[in-house]
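One file, data_1.cif, is given below (mmCIF, N, CA, C and O atoms).
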```cif
data_model
#
loop_
_atom_site.group_PDB
_atom_site.id
_atom_site.type_symbol
_atom_site.label_atom_id
_atom_site.label_comp_id
_atom_site.auth_asym_id
_atom_site.auth_seq_id
_atom_site.Cartn_x
_atom_site.Cartn_y
_atom_site.Cartn_z
ATOM 1 N N MET A 1 15.459 81.225 7.556
ATOM 2 C CA MET A 1 14.507 80.261 8.041
ATOM 3 C C MET A 1 14.677 78.923 7.297
ATOM 4 O O MET A 1 14.509 77.863 7.903
ATOM 5 N N ALA A 2 15.027 78.966 6.016
ATOM 6 C CA ALA A 2 15.211 77.736 5.255
ATOM 7 C C ALA A 2 16.389 76.929 5.798
ATOM 8 O O ALA A 2 16.315 75.699 5.902
ATOM 9 N N VAL A 3 17.462 77.608 6.139
ATOM 10 C CA VAL A 3 18.637 76.915 6.680
ATOM 11 C C VAL A 3 18.304 76.289 8.024
ATOM 12 O O VAL A 3 18.683 75.145 8.309
ATOM 13 N N GLU A 4 17.568 77.013 8.844
ATOM 14 C CA GLU A 4 17.156 76.494 10.148
ATOM 15 C C GLU A 4 16.275 75.254 9.986
ATOM 16 O O GLU A 4 16.434 74.258 10.708
ATOM 17 N N THR A 5 15.371 75.300 9.033
ATOM 18 C CA THR A 5 14.492 74.154 8.765
ATOM 19 C C THR A 5 15.299 72.965 8.275
ATOM 20 O O THR A 5 15.080 71.827 8.720
ATOM 21 N N ALA A 6 16.241 73.198 7.370
ATOM 22 C CA ALA A 6 17.082 72.111 6.855
ATOM 23 C C ALA A 6 17.887 71.475 7.981
ATOM 24 O O ALA A 6 18.030 70.241 8.036
ATOM 25 N N ARG A 7 18.395 72.285 8.885
ATOM 26 C CA ARG A 7 19.148 71.740 10.024
ATOM 27 C C ARG A 7 18.254 70.895 10.934
ATOM 28 O O ARG A 7 18.671 69.852 11.429
ATOM 29 N N ALA A 8 17.033 71.352 11.150
ATOM 30 C CA ALA A 8 16.093 70.601 11.996
ATOM 31 C C ALA A 8 15.754 69.259 11.357
ATOM 32 O O ALA A 8 15.696 68.229 12.039
ATOM 33 N N ILE A 9 15.542 69.251 10.051
ATOM 34 C CA ILE A 9 15.235 68.000 9.338
ATOM 35 C C ILE A 9 16.433 67.061 9.409
ATOM 36 O O ILE A 9 16.284 65.854 9.652
ATOM 37 N N HIS A 10 17.616 67.602 9.205
ATOM 38 C CA HIS A 10 18.828 66.785 9.268
ATOM 39 C C HIS A 10 19.010 66.179 10.664
ATOM 40 O O HIS A 10 19.333 64.992 10.799
ATOM 41 N N ALA A 11 18.780 66.976 11.677
ATOM 42 C CA ALA A 11 18.898 66.477 13.052
ATOM 43 C C ALA A 11 17.852 65.400 13.338
ATOM 44 O O ALA A 11 18.157 64.384 13.976
ATOM 45 N N ALA A 12 16.639 65.601 12.860
ATOM 46 C CA ALA A 12 15.581 64.599 13.035
ATOM 47 C C ALA A 12 15.950 63.309 12.318
ATOM 48 O O ALA A 12 15.785 62.209 12.862
ATOM 49 N N ARG A 13 16.472 63.440 11.102
ATOM 50 C CA ARG A 13 16.864 62.257 10.324
ATOM 51 C C ARG A 13 17.967 61.488 11.053
ATOM 52 O O ARG A 13 17.927 60.258 11.137
ATOM 53 N N ARG A 14 18.955 62.196 11.594
ATOM 54 C CA ARG A 14 20.026 61.534 12.345
ATOM 55 C C ARG A 14 19.481 60.835 13.592
ATOM 56 O O ARG A 14 19.862 59.705 13.890
ATOM 57 N N GLY A 15 18.581 61.510 14.305
ATOM 58 C CA GLY A 15 18.001 60.908 15.510
ATOM 59 C C GLY A 15 17.187 59.663 15.203
ATOM 60 O O GLY A 15 17.284 58.656 15.909
ATOM 61 N N ILE A 16 16.403 59.714 14.145
ATOM 62 C CA ILE A 16 15.596 58.554 13.747
ATOM 63 C C ILE A 16 16.495 57.426 13.281
ATOM 64 O O ILE A 16 16.262 56.251 13.601
ATOM 65 N N ALA A 17 17.546 57.751 12.525
ATOM 66 C CA ALA A 17 18.490 56.722 12.076
ATOM 67 C C ALA A 17 19.147 56.036 13.267
ATOM 68 O O ALA A 17 19.265 54.809 13.294
ATOM 69 N N ASP A 18 19.550 56.809 14.250
ATOM 70 C CA ASP A 18 20.141 56.223 15.457
ATOM 71 C C ASP A 18 19.142 55.309 16.160
ATOM 72 O O ASP A 18 19.475 54.194 16.565
ATOM 73 N N TYR A 19 17.921 55.776 16.297
ATOM 74 C CA TYR A 19 16.873 55.000 16.976
ATOM 75 C C TYR A 19 16.596 53.687 16.248
ATOM 76 O O TYR A 19 16.410 52.641 16.880
ATOM 77 N N LEU A 20 16.570 53.732 14.915
ATOM 78 C CA LEU A 20 16.260 52.538 14.124
ATOM 79 C C LEU A 20 17.484 51.671 13.832
ATOM 80 O O LEU A 20 17.364 50.589 13.276
ATOM 81 N N GLY A 21 18.658 52.170 14.179
ATOM 82 C CA GLY A 21 19.882 51.416 13.900
ATOM 83 C C GLY A 21 20.307 51.486 12.451
ATOM 84 O O GLY A 21 20.985 50.588 11.951
ATOM 85 N N VAL A 22 19.933 52.552 11.758
ATOM 86 C CA VAL A 22 20.319 52.747 10.362
ATOM 87 C C VAL A 22 21.678 53.423 10.345
ATOM 88 O O VAL A 22 21.861 54.485 10.955
ATOM 89 N N ALA A 23 22.649 52.827 9.653
ATOM 90 C CA ALA A 23 24.017 53.337 9.667
ATOM 91 C C ALA A 23 24.132 54.718 9.028
ATOM 92 O O ALA A 23 24.842 55.582 9.530
ATOM 93 N N ASP A 24 23.451 54.934 7.919
ATOM 94 C CA ASP A 24 23.557 56.208 7.201
ATOM 95 C C ASP A 24 22.188 56.872 7.138
ATOM 96 O O ASP A 24 21.268 56.341 6.513
ATOM 97 N N SER A 25 22.057 58.018 7.760
ATOM 98 C CA SER A 25 20.759 58.696 7.803
ATOM 99 C C SER A 25 20.279 59.124 6.424
ATOM 100 O O SER A 25 19.100 59.417 6.234
ATOM 101 N N LYS A 26 21.172 59.135 5.429
ATOM 102 C CA LYS A 26 20.765 59.463 4.058
ATOM 103 C C LYS A 26 19.877 58.372 3.465
ATOM 104 O O LYS A 26 19.250 58.568 2.431
ATOM 105 N N ASN A 27 19.828 57.214 4.114
ATOM 106 C CA ASN A 27 18.972 56.122 3.651
ATOM 107 C C ASN A 27 17.535 56.261 4.131
ATOM 108 O O ASN A 27 16.707 55.404 3.835
ATOM 109 N N LEU A 28 17.229 57.309 4.873
ATOM 110 C CA LEU A 28 15.868 57.570 5.331
ATOM 111 C C LEU A 28 15.231 58.605 4.419
ATOM 112 O O LEU A 28 15.881 59.549 3.988
ATOM 113 N N LEU A 29 13.956 58.426 4.156
ATOM 114 C CA LEU A 29 13.237 59.341 3.290
ATOM 115 C C LEU A 29 11.953 59.765 3.973
ATOM 116 O O LEU A 29 11.173 58.924 4.422
ATOM 117 N N PHE A 30 11.740 61.054 4.088
ATOM 118 C CA PHE A 30 10.507 61.573 4.665
ATOM 119 C C PHE A 30 9.513 61.824 3.543
ATOM 120 O O PHE A 30 9.874 62.348 2.494
ATOM 121 N N GLN A 31 8.272 61.453 3.769
ATOM 122 C CA GLN A 31 7.195 61.676 2.803
ATOM 123 C C GLN A 31 6.062 62.407 3.506
ATOM 124 O O GLN A 31 5.893 62.285 4.715
ATOM 125 N N PRO A 32 5.238 63.132 2.738
ATOM 126 C CA PRO A 32 4.162 63.903 3.363
ATOM 127 C C PRO A 32 3.016 63.053 3.912
ATOM 128 O O PRO A 32 2.229 63.524 4.721
ATOM 129 N N GLY A 33 2.935 61.797 3.492
ATOM 130 C CA GLY A 33 1.855 60.959 3.988
ATOM 131 C C GLY A 33 2.125 59.491 3.736
ATOM 132 O O GLY A 33 3.009 59.117 2.952
ATOM 133 N N CYS A 34 1.348 58.655 4.386
ATOM 134 C CA CYS A 34 1.522 57.202 4.271
ATOM 135 C C CYS A 34 1.222 56.683 2.871
ATOM 136 O O CYS A 34 1.922 55.804 2.371
ATOM 137 N N THR A 35 0.184 57.222 2.230
ATOM 138 C CA THR A 35 -0.178 56.736 0.897
ATOM 139 C C THR A 35 0.941 57.004 -0.091
ATOM 140 O O THR A 35 1.317 56.126 -0.876
ATOM 141 N N GLN A 36 1.495 58.187 -0.076
ATOM 142 C CA GLN A 36 2.590 58.504 -0.989
ATOM 143 C C GLN A 36 3.810 57.639 -0.689
ATOM 144 O O GLN A 36 4.484 57.157 -1.598
ATOM 145 N N ALA A 37 4.099 57.428 0.573
ATOM 146 C CA ALA A 37 5.227 56.585 0.953
ATOM 147 C C ALA A 37 5.007 55.149 0.491
ATOM 148 O O ALA A 37 5.933 54.500 -0.008
ATOM 149 N N MET A 38 3.786 54.652 0.637
ATOM 150 C CA MET A 38 3.473 53.294 0.208
ATOM 151 C C MET A 38 3.626 53.154 -1.307
ATOM 152 O O MET A 38 4.193 52.178 -1.804
ATOM 153 N N ASN A 39 3.123 54.132 -2.061
ATOM 154 C CA ASN A 39 3.264 54.094 -3.518
ATOM 155 C C ASN A 39 4.733 54.107 -3.922
ATOM 156 O O ASN A 39 5.148 53.352 -4.809
ATOM 157 N N LEU A 40 5.510 54.939 -3.282
ATOM 158 C CA LEU A 40 6.933 55.018 -3.579
ATOM 159 C C LEU A 40 7.603 53.672 -3.317
ATOM 160 O O LEU A 40 8.404 53.193 -4.122
ATOM 161 N N ALA A 41 7.274 53.061 -2.204
ATOM 162 C CA ALA A 41 7.866 51.767 -1.858
ATOM 163 C C ALA A 41 7.438 50.675 -2.834
ATOM 164 O O ALA A 41 8.281 49.930 -3.347
ATOM 165 N N LEU A 42 6.143 50.592 -3.109
ATOM 166 C CA LEU A 42 5.655 49.525 -3.985
ATOM 167 C C LEU A 42 6.176 49.674 -5.407
ATOM 168 O O LEU A 42 6.676 48.716 -6.003
ATOM 169 N N PHE A 43 6.057 50.859 -5.965
ATOM 170 C CA PHE A 43 6.495 51.060 -7.345
ATOM 171 C C PHE A 43 8.017 51.081 -7.468
ATOM 172 O O PHE A 43 8.561 50.762 -8.522
ATOM 173 N N GLY A 44 8.709 51.432 -6.393
ATOM 174 C CA GLY A 44 10.155 51.515 -6.450
ATOM 175 C C GLY A 44 10.874 50.223 -6.129
ATOM 176 O O GLY A 44 11.988 50.002 -6.599
ATOM 177 N N LEU A 45 10.255 49.356 -5.352
ATOM 178 C CA LEU A 45 10.943 48.150 -4.907
ATOM 179 C C LEU A 45 10.531 46.876 -5.637
ATOM 180 O O LEU A 45 11.320 45.944 -5.747
ATOM 181 N N LEU A 46 9.295 46.840 -6.104
ATOM 182 C CA LEU A 46 8.819 45.610 -6.736
ATOM 183 C C LEU A 46 9.220 45.564 -8.206
ATOM 184 O O LEU A 46 9.191 46.566 -8.908
ATOM 185 N N SER A 47 9.591 44.376 -8.648
ATOM 186 C CA SER A 47 9.970 44.151 -10.044
ATOM 187 C C SER A 47 9.065 43.091 -10.642
ATOM 188 O O SER A 47 8.410 42.332 -9.919
ATOM 189 N N GLU A 48 9.058 43.020 -11.960
ATOM 190 C CA GLU A 48 8.253 42.003 -12.633
ATOM 191 C C GLU A 48 8.678 40.627 -12.131
ATOM 192 O O GLU A 48 9.865 40.341 -11.999
ATOM 193 N N GLY A 49 7.700 39.804 -11.808
ATOM 194 C CA GLY A 49 7.960 38.471 -11.296
ATOM 195 C C GLY A 49 7.931 38.386 -9.775
ATOM 196 O O GLY A 49 7.859 37.293 -9.229
ATOM 197 N N ASP A 50 8.007 39.524 -9.095
ATOM 198 C CA ASP A 50 7.901 39.519 -7.634
ATOM 199 C C ASP A 50 6.494 39.123 -7.229
ATOM 200 O O ASP A 50 5.538 39.337 -7.971
ATOM 201 N N ARG A 51 6.376 38.571 -6.061
ATOM 202 C CA ARG A 51 5.075 38.179 -5.531
ATOM 203 C C ARG A 51 4.792 38.937 -4.248
ATOM 204 O O ARG A 51 5.688 39.129 -3.430
ATOM 205 N N VAL A 52 3.543 39.337 -4.083
ATOM 206 C CA VAL A 52 3.108 40.043 -2.882
ATOM 207 C C VAL A 52 1.902 39.310 -2.329
ATOM 208 O O VAL A 52 0.974 38.984 -3.071
ATOM 209 N N VAL A 53 1.917 39.034 -1.048
ATOM 210 C CA VAL A 53 0.776 38.406 -0.394
ATOM 211 C C VAL A 53 -0.020 39.512 0.297
ATOM 212 O O VAL A 53 0.515 40.234 1.129
ATOM 213 N N ALA A 54 -1.276 39.639 -0.093
ATOM 214 C CA ALA A 54 -2.159 40.644 0.504
ATOM 215 C C ALA A 54 -3.532 40.021 0.686
ATOM 216 O O ALA A 54 -3.921 39.118 -0.057
ATOM 217 N N CYS A 55 -4.264 40.492 1.663
ATOM 218 C CA CYS A 55 -5.588 39.945 1.917
ATOM 219 C C CYS A 55 -6.634 40.721 1.113
ATOM 220 O O CYS A 55 -6.396 41.845 0.672
ATOM 221 N N PRO A 56 -7.798 40.127 0.894
ATOM 222 C CA PRO A 56 -8.843 40.781 0.095
ATOM 223 C C PRO A 56 -9.372 42.064 0.738
ATOM 224 O O PRO A 56 -9.951 42.902 0.050
ATOM 225 N N THR A 57 -9.164 42.241 2.015
ATOM 226 C CA THR A 57 -9.663 43.444 2.690
ATOM 227 C C THR A 57 -8.555 44.485 2.876
ATOM 228 O O THR A 57 -8.672 45.368 3.716
ATOM 229 N N GLU A 58 -7.514 44.373 2.060
ATOM 230 C CA GLU A 58 -6.389 45.312 2.156
ATOM 231 C C GLU A 58 -6.865 46.741 1.908
ATOM 232 O O GLU A 58 -7.785 46.976 1.131
ATOM 233 N N HIS A 59 -6.258 47.681 2.569
ATOM 234 C CA HIS A 59 -6.603 49.095 2.407
ATOM 235 C C HIS A 59 -6.324 49.523 0.970
ATOM 236 O O HIS A 59 -5.409 49.037 0.317
ATOM 237 N N ASN A 60 -7.134 50.457 0.463
ATOM 238 C CA ASN A 60 -6.981 50.952 -0.901
ATOM 239 C C ASN A 60 -5.584 51.481 -1.190
ATOM 240 O O ASN A 60 -5.112 51.393 -2.322
ATOM 241 N N ALA A 61 -4.920 52.054 -0.195
ATOM 242 C CA ALA A 61 -3.580 52.594 -0.390
ATOM 243 C C ALA A 61 -2.587 51.503 -0.773
ATOM 244 O O ALA A 61 -1.559 51.784 -1.371
ATOM 245 N N VAL A 62 -2.915 50.263 -0.454
ATOM 246 C CA VAL A 62 -2.078 49.127 -0.819
ATOM 247 C C VAL A 62 -2.683 48.397 -2.015
ATOM 248 O O VAL A 62 -1.983 48.071 -2.979
ATOM 249 N N ALA A 63 -3.981 48.143 -1.989
ATOM 250 C CA ALA A 63 -4.630 47.332 -3.018
ATOM 251 C C ALA A 63 -4.560 47.968 -4.408
ATOM 252 O O ALA A 63 -4.270 47.282 -5.390
ATOM 253 N N ARG A 64 -4.813 49.251 -4.512
ATOM 254 C CA ARG A 64 -4.833 49.892 -5.833
ATOM 255 C C ARG A 64 -3.472 49.870 -6.516
ATOM 256 O O ARG A 64 -3.371 49.469 -7.680
ATOM 257 N N PRO A 65 -2.392 50.255 -5.831
ATOM 258 C CA PRO A 65 -1.089 50.155 -6.501
ATOM 259 C C PRO A 65 -0.720 48.712 -6.853
ATOM 260 O O PRO A 65 -0.127 48.460 -7.906
ATOM 261 N N LEU A 66 -1.074 47.769 -5.989
ATOM 262 C CA LEU A 66 -0.773 46.363 -6.296
ATOM 263 C C LEU A 66 -1.552 45.911 -7.529
ATOM 264 O O LEU A 66 -1.017 45.169 -8.366
ATOM 265 N N ASN A 67 -2.809 46.347 -7.677
ATOM 266 C CA ASN A 67 -3.582 45.995 -8.859
ATOM 267 C C ASN A 67 -2.968 46.598 -10.120
ATOM 268 O O ASN A 67 -2.936 45.952 -11.176
ATOM 269 N N VAL A 68 -2.494 47.835 -10.040
ATOM 270 C CA VAL A 68 -1.835 48.456 -11.186
ATOM 271 C C VAL A 68 -0.586 47.678 -11.560
ATOM 272 O O VAL A 68 -0.357 47.376 -12.741
ATOM 273 N N LEU A 69 0.211 47.325 -10.582
ATOM 274 C CA LEU A 69 1.421 46.574 -10.849
ATOM 275 C C LEU A 69 1.102 45.198 -11.430
ATOM 276 O O LEU A 69 1.791 44.722 -12.350
ATOM 277 N N ALA A 70 0.064 44.553 -10.918
ATOM 278 C CA ALA A 70 -0.326 43.234 -11.431
ATOM 279 C C ALA A 70 -0.797 43.324 -12.868
ATOM 280 O O ALA A 70 -0.519 42.437 -13.672
ATOM 281 N N SER A 71 -1.479 44.392 -13.228
ATOM 282 C CA SER A 71 -1.992 44.541 -14.606
ATOM 283 C C SER A 71 -0.854 44.804 -15.602
ATOM 284 O O SER A 71 -1.009 44.547 -16.783
ATOM 285 N N ARG A 72 0.266 45.300 -15.118
ATOM 286 C CA ARG A 72 1.422 45.556 -15.986
ATOM 287 C C ARG A 72 2.197 44.303 -16.301
ATOM 288 O O ARG A 72 2.965 44.266 -17.253
ATOM 289 N N ALA A 73 2.036 43.291 -15.469
ATOM 290 C CA ALA A 73 2.840 42.054 -15.635
ATOM 291 C C ALA A 73 2.344 41.236 -16.792
ATOM 292 O O ALA A 73 1.292 41.270 -17.263
#
```
Could you express the structure from this file as structure tokens?
Amino acid sequence: MAVETARAIHAARRGIADYLGVADSKNLLFQPGCTQAMNLALFGLLSEGDRVVACPTEHNAVARPLNVLASRA
């Protein structure tokens, strides 16, 4: 069952890569939820000195990690 699941995930990744025009499906990452994906993106992509424009009514999933990153600078 594990091999079957891995094949299904691989096929899904290839299909999504084709749909999005991504050359290598290994560049796609599946996450269990939007909040975790957002944290991964924010903490993984932003560096000291980067600037982010966000509105005061931003969702907590975005605002809280941005506040943590801002406090580290």
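Counting from atom CA of Met1 of chain A, the distance to atom C of Leu40 of chain A is 29.7 Å.
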Nearest candidate to Ala37 of chain A (options A:Val22, A:Ala2, A:Val62, A:Leu69; using only C-alpha atoms): A:Val62
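Atom N of Leu45 of chain A sits 14.9 Å away from atom O of Leu28 of chain A.
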Residues selected by the PyMOL selection byres (((chain A and resi 23-27 and name CA) around 10) and name CA), written as a ChimeraX atom specification: /A:10-18,20-22,28-29
Env of segment 51-60 of chain A: 10 Å cut, atoms = only C-alpha atoms, seq-sep filter 5 positions within chain, self excluded. Answer as a PDB file with N, CA, C and O atoms, in the coordinates of the input.
```pdb
ATOM      1  N   THR A  35       0.184  57.222   2.230  1.00  0.00           N
ATOM      2  CA  THR A  35      -0.178  56.736   0.897  1.00  0.00           C
ATOM      3  C   THR A  35       0.941  57.004  -0.091  1.00  0.00           C
ATOM      4  O   THR A  35       1.317  56.126  -0.876  1.00  0.00           O
ATOM      5  N   LEU A  42       6.143  50.592  -3.109  1.00  0.00           N
ATOM      6  CA  LEU A  42       5.655  49.525  -3.985  1.00  0.00           C
ATOM      7  C   LEU A  42       6.176  49.674  -5.407  1.00  0.00           C
ATOM      8  O   LEU A  42       6.676  48.716  -6.003  1.00  0.00           O
ATOM      9  N   LEU A  46       9.295  46.840  -6.104  1.00  0.00           N
ATOM     10  CA  LEU A  46       8.819  45.610  -6.736  1.00  0.00           C
ATOM     11  C   LEU A  46       9.220  45.564  -8.206  1.00  0.00           C
ATOM     12  O   LEU A  46       9.191  46.566  -8.908  1.00  0.00           O
ATOM     13  N   PRO A  65      -2.392  50.255  -5.831  1.00  0.00           N
ATOM     14  CA  PRO A  65      -1.089  50.155  -6.501  1.00  0.00           C
ATOM     15  C   PRO A  65      -0.720  48.712  -6.853  1.00  0.00           C
ATOM     16  O   PRO A  65      -0.127  48.460  -7.906  1.00  0.00           O
ATOM     17  N   LEU A  66      -1.074  47.769  -5.989  1.00  0.00           N
ATOM     18  CA  LEU A  66      -0.773  46.363  -6.296  1.00  0.00           C
ATOM     19  C   LEU A  66      -1.552  45.911  -7.529  1.00  0.00           C
ATOM     20  O   LEU A  66      -1.017  45.169  -8.366  1.00  0.00           O
ATOM     21  N   ASN A  67      -2.809  46.347  -7.677  1.00  0.00           N
ATOM     22  CA  ASN A  67      -3.582  45.995  -8.859  1.00  0.00           C
ATOM     23  C   ASN A  67      -2.968  46.598 -10.120  1.00  0.00           C
ATOM     24  O   ASN A  67      -2.936  45.952 -11.176  1.00  0.00           O
ATOM     25  N   ALA A  70       0.064  44.553 -10.918  1.00  0.00           N
ATOM     26  CA  ALA A  70      -0.326  43.234 -11.431  1.00  0.00           C
ATOM     27  C   ALA A  70      -0.797  43.324 -12.868  1.00  0.00           C
ATOM     28  O   ALA A  70      -0.519  42.437 -13.672  1.00  0.00           O
TER      29      ALA A  70
END
```
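The space between atom CA of Gln36 of chain A and atom CA of Ala63 of chain A spans 13.5 Å.
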Those in chain A with helix (DSSP H, G or I) from DSSP, as a ChimeraX atom specification: /A:2-20,25-27,34-45,60-72
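In terms of minimum interatomic distance to Met38 of chain A, A:Ala61 ranks closest within A:Ile9, A:Arg72, A:Ala61, A:Glu4, counting all atoms listed in the file.
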